[in-house]
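To start, the structure under review is shown below, and the notes come after it.
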2 protein chains.
Amino acid sequence: MARTPPGNLPQDPEAPDALPRHARTGKAVTIRDVAKVAGVSPITVSRALNHPELVTPDTLERVRAVVSRTGYVPNEIAGSLRSRRSGIIAAVFPQITNSMFVDTIQALSDDLRQEGYQVLLGLSSYGEREDELIAGIVGRRPEGIYLTGIAHAPDTRRRLIASHIPVVEAWDLTPSPIDMLVGFSHEKVGEAMARYLLARGHREIGLVWGNDLRAGVRRQGLLSVLAENGIHELPTSLEPAPGMFQRGREGLAELLGSGARVSAVACSSDVLAQGVIAEARDRGIRIPEDIAVMGFGDFDFAAHTSPSLTTIAIEKALIGRLAAQALLARIQGREVPERIVDVGFRLVERGST
Amino acid sequence: MARTPPGNLPQDPEAPDALPRHARTGKAVTIRDVAKVAGVSPITVSRALNHPELVTPDTLERVRAVVSRTGYVPNEIAGSLRSRRSGIIAAVFPQITNSMFVDTIQALSDDLRQEGYQVLLGLSSYGEREDELIAGIVGRRPEGIYLTGIAHAPDTRRRLIASHIPVVEAWDLTPSPIDMLVGFSHEKVGEAMARYLLARGHREIGLVWGNDLRAGVRRQGLLSVLAENGIHELPTSLEPAPGMFQRGREGLAELLGSGARVSAVACSSDVLAQGVIAEARDRGIRIPEDIAVMGFGDFDFAAHTSPSLTTIAIEKALIGRLAAQALLARIQGREVPERIVDVGFRLVERGST
DNA sequence: CGTCAAAATGGTATCGGTAACATCGCGGCC
DNA sequence: GGCCGCGATGTTACCGATACCATTTTGACG
C-alpha cells in the first residue's frame, strides 16, 4: 500500500503534490485551513457554510471560492459532537427481502432527506440481535429512531427511554408505545379476514402462515372470530420467516397431504399466497372454485396474479411518511398532535376468492 | 416519561434543573463518570469496553458493573472523531421499491454488521440528487462507500477519489472504476437475450423497457445483436423508472396498439414482464404460443407466474456479499486480489418462451 | 459629527472519547 | 539483591467542528 512521500512538513506552503493514492498527503483540509486561506476565522467559515445569512455576501463568496478550490468537506463527525446534532435517524427492520417494508423505508428516507437527515439502516435479520443492534445504534446518537414493531426486549425499551431519543414504533398498535406509534391492528386484520371468509360461506379454512410476531397476532384475531363461529381446529402449515413463494407451495402441499378438507386457504402474506396459487395450479386445483385463497399485504403483484389475489391492503408508504413527520416534529420541538396513529387497512376483493 | 433515578452522580452539587424541553436531566453519563465511580481512569474504561484483553479481569468486571448500573452508552461520535474510524459504510441506491437491490442491501448489511459496521443508506431516488447525496455522505466520513452503478457526475468521482475512502461500484461493469467493482455486463445480458430469442425463431420482437441507465445498456446490447441479424427497427414502449406491473400492462397495450406484429416481447425487468403477461391474459393472448415473453432479474415470483417466466438471473445477494468483502479488505489493509469482479448472469428458460 | 443599536466577525472553551507516550508494579533471572 | 521486561494503568493532548460570549464594524438618525 502506498507510503507517504517524504517531507510533507509544516511550512510547506503549497505544492499541488502528485497525489499518491490512498495517501494522506499532508493531512486532509480542515476548516482552519479554509479560514486561513480565506483570511477569516474558522467560525466565520462555519457560518458561511451553515448559516449563510449571517455573513456578508462578500465573505460568503470568498469562503465558498476557497472551499471549492481546496475541496474542503466539513467533518460532520466533529460538528455532530459539538453541536449535539448528528443529523442521523436510525431505522430498524427485521429484514427487507421479500417484505413489505421497502415502501416504508423508501418513504421514510425520502422525507427525512428532505430535511437534511440521513438514515442509518439496521437490519436485525433474525430475531435475537435487535438488542445489540439498538445498543450500537444509540451510541451513534441518532436524533430519532424508527422501530418496526412493538415487541422489544425490556432492556431495550428501558435503554431507549433513558436515551431521550424520539422513537417511533411502526407497523403495529399498542396503547403503550415507547414514545410514538404509527401502525394498525393486526388483530383486527385477522378478524376481518375471518369474517370475510365466513361471509363467503367458507367453514373449512386452512392456514399457510408465517411464524413472525405480527403474523402471529393476525392469526390470533382470525382464530378468535372463527372460534366464535364454532370453528375450532384448522389445518395449519407454519412457515419460517421470511415468507417465500416456495414456502407457499410447500404449505399447500402440507395442508392437502394432511388429508384435511379445505375450501379456503388464508395466508399471512401475499408471497405465500402466490405460492399457494402456483401449487394449486400445478395440481389442477381451480381457484377460487375449488379453493379460495387470500393473502395479506397487497403487494404490487397481487393484482396481477392469475387469478388476482384477494388481500389486505396497507398504506406502506404512508406509514413511513407519518413516521418521518412524527420524528421531525419531535426533533424540532413541535407539538406532536397524536402520539398514536392508526392507519388502518383495507380488504381488497379480487379473483382468488 | 421516565425520570432519572435520583443521585446517580457522586457529590452532585446542584439541582437537576427543571428539565427544559428535551429533558436533559442532569447530563448524560460520560466515560469520566463511569471512571470515577469505578475508581479508574477514563482510558481504562475505554480499554475495558473496546479491548477487554488489555485489562485485568478484576477491573474489567468492576467497570462492566458500573457501566450496566449507570446505563452508560459510549458516545461513538466522540470516539469516531478521535480514532478516525466512524464504523460506518455508506450505501447508495437509486431507489429500492420494485427493485432488485433489496437482496443486495440485505447481504451487504448482514456481512458488514458481522464486522461491526453499520450501513448508512442513501437513496438517490430520482436522479440528479446523487451528487448532493454523496457530498453529504462523505462529510460523515464513512469508512467505505457502496455505489450502485458506474455513472457518476465527474465532480462526484473526483470528490470520492480525493476523499481516499474505499469505494465499490456495483451492478455494472467498466474497465475504469473509481476504485473497486462488483458487477456484470449489461451489454452482454442484452446480447444474450437477443440471441436466445433469435434461436427460438423470433424475428418480430417488441420491447417493453424501462428508461434507466443500466436498462439502456442492455437495450444497446440487444439491439446490436438484432441488427447483426438484419433486424433494425423494433416496436418499443419505454417506461419511466421504477418499473411497475401496471407499466408492463400499458407497455403491451401500446405495442399492440401501434399495429406492429410481435411474436416475442422482451422486458427490461421481470416486473414489467409480469405486467405484460397479465395484459396478454386479459386479452386472450396465449403465452408463449401467440407471444413469448422474457424478463430480467429472476425475481422470486418469476418461477411462479403463469406461465413461469423466462428471465436472466443475477446473483443479487452475492453482489452485496462481495462488495462487503472488498470494502472490508481495503479497510483492514488487506490486499484486494481483484479490483474488478464479474459475477456474470444466467439465462433461465421457463414457460413464457 | 457623535451616539447607539444592529450586524458582522472573532476568541476561547468545549463536546467525549482515544492515541501516544509515560509510569508503575511485579516476578524472574543472574 | 538489583536489574530487566512486560503487563496494567495513568497523563496529556488532541480529533475538528460549533456554542457562547466578546469585540469590532456598520449604518441610521438626531
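Identifiers in the C-alpha cells: chain A, B, ... in order shown; residue index from 1 per chain; ligand index from 1 in order shown.
Chain copies chain A and chain B align, over all their C-alpha atoms in order, to a least-squares RMSD of 2.5 Å.
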Would you list which chain D residues are within 9 Å of chain B using only C-alpha atoms (C1' of nucleotides), as a ChimeraX atom specification?
/D:7-10,14-16
List the neighbours of Asp110 in chain B out to 9 Å using only C-alpha atoms (C1' of nucleotides); skip same-chain residues closer than 6 positions along the sequence, and give me the result as number ranges by chain.
A: 123-125; B: 321
Close residues, Asp58 in chain B itself excluded, 12 Å, only C-alpha atoms (C1' of nucleotides), min 6 positions apart in chain, as a ChimeraX atom specification
/B:38,40,48,52,64-65 /D:8
How would the residues just chosen look if you wrote them out with all heavy atoms as an mmCIF file, in the first residue's frame?
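Generated file (again_8.cif):
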data_model
loop_
_atom_site.group_PDB
_atom_site.id
_atom_site.type_symbol
_atom_site.label_atom_id
_atom_site.label_comp_id
_atom_site.auth_asym_id
_atom_site.auth_seq_id
_atom_site.Cartn_x
_atom_site.Cartn_y
_atom_site.Cartn_z
ATOM 1 N N ALA B 38 -15.960 3.811 39.124
ATOM 2 C CA ALA B 38 -15.241 2.535 39.153
ATOM 3 C C ALA B 38 -13.855 2.691 39.778
ATOM 4 O O ALA B 38 -13.146 1.703 39.988
ATOM 5 C CB ALA B 38 -15.127 1.981 37.747
ATOM 6 N N VAL B 40 -11.209 4.162 38.401
ATOM 7 C CA VAL B 40 -10.113 4.018 37.443
ATOM 8 C C VAL B 40 -10.071 5.260 36.563
ATOM 9 O O VAL B 40 -10.871 6.175 36.741
ATOM 10 C CB VAL B 40 -10.305 2.772 36.561
ATOM 11 C CG1 VAL B 40 -10.229 1.507 37.391
ATOM 12 C CG2 VAL B 40 -11.621 2.862 35.817
ATOM 13 N N ALA B 48 -11.477 -1.236 28.755
ATOM 14 C CA ALA B 48 -12.335 -2.329 29.220
ATOM 15 C C ALA B 48 -13.434 -2.608 28.206
ATOM 16 O O ALA B 48 -13.809 -3.751 27.967
ATOM 17 C CB ALA B 48 -12.936 -1.988 30.577
ATOM 18 N N PRO B 52 -10.946 -5.524 25.934
ATOM 19 C CA PRO B 52 -11.011 -6.143 27.270
ATOM 20 C C PRO B 52 -9.760 -6.955 27.598
ATOM 21 O O PRO B 52 -9.425 -7.123 28.765
ATOM 22 C CB PRO B 52 -12.238 -7.052 27.178
ATOM 23 C CG PRO B 52 -12.806 -6.893 25.828
ATOM 24 C CD PRO B 52 -12.055 -5.877 25.078
ATOM 25 N N ARG B 64 -17.473 -3.068 34.063
ATOM 26 C CA ARG B 64 -18.717 -3.527 33.456
ATOM 27 C C ARG B 64 -19.897 -3.343 34.391
ATOM 28 O O ARG B 64 -20.992 -2.967 33.985
ATOM 29 C CB ARG B 64 -18.594 -5.000 33.071
ATOM 30 C CG ARG B 64 -17.822 -5.163 31.778
ATOM 31 C CD ARG B 64 -17.989 -6.561 31.224
ATOM 32 N NE ARG B 64 -17.335 -6.663 29.929
ATOM 33 C CZ ARG B 64 -16.766 -7.770 29.461
ATOM 34 N NH1 ARG B 64 -16.777 -8.865 30.195
ATOM 35 N NH2 ARG B 64 -16.214 -7.778 28.268
ATOM 36 N N ALA B 65 -19.643 -3.607 35.651
ATOM 37 C CA ALA B 65 -20.712 -3.448 36.633
ATOM 38 C C ALA B 65 -21.193 -1.999 36.647
ATOM 39 O O ALA B 65 -22.396 -1.726 36.575
ATOM 40 C CB ALA B 65 -20.219 -3.865 38.015
ATOM 41 P P DA D 8 -2.235 -7.632 31.638
ATOM 42 O OP1 DA D 8 -3.062 -8.645 32.323
ATOM 43 O OP2 DA D 8 -2.445 -7.311 30.213
ATOM 44 O "O5'" DA D 8 -2.323 -6.278 32.466
ATOM 45 C "C5'" DA D 8 -2.158 -6.340 33.883
ATOM 46 C "C4'" DA D 8 -2.252 -4.949 34.445
ATOM 47 O "O4'" DA D 8 -1.139 -4.166 33.977
ATOM 48 C "C3'" DA D 8 -3.520 -4.188 34.049
ATOM 49 O "O3'" DA D 8 -4.140 -3.739 35.249
ATOM 50 C "C2'" DA D 8 -3.019 -3.019 33.188
ATOM 51 C "C1'" DA D 8 -1.579 -2.865 33.648
ATOM 52 N N9 DA D 8 -0.655 -2.369 32.622
ATOM 53 C C8 DA D 8 -0.468 -2.861 31.362
ATOM 54 N N7 DA D 8 0.447 -2.229 30.670
ATOM 55 C C5 DA D 8 0.899 -1.240 31.535
ATOM 56 C C6 DA D 8 1.871 -0.230 31.415
ATOM 57 N N6 DA D 8 2.595 -0.049 30.305
ATOM 58 N N1 DA D 8 2.069 0.577 32.479
ATOM 59 C C2 DA D 8 1.345 0.385 33.572
ATOM 60 N N3 DA D 8 0.399 -0.532 33.821
ATOM 61 C C4 DA D 8 0.235 -1.316 32.746
#
Identify all residues of range 224-293 of chain A in helix (DSSP H, G or I) (DSSP on the backbone) and supply them as number ranges by chain.
A: 224-228, 245-257, 270-282
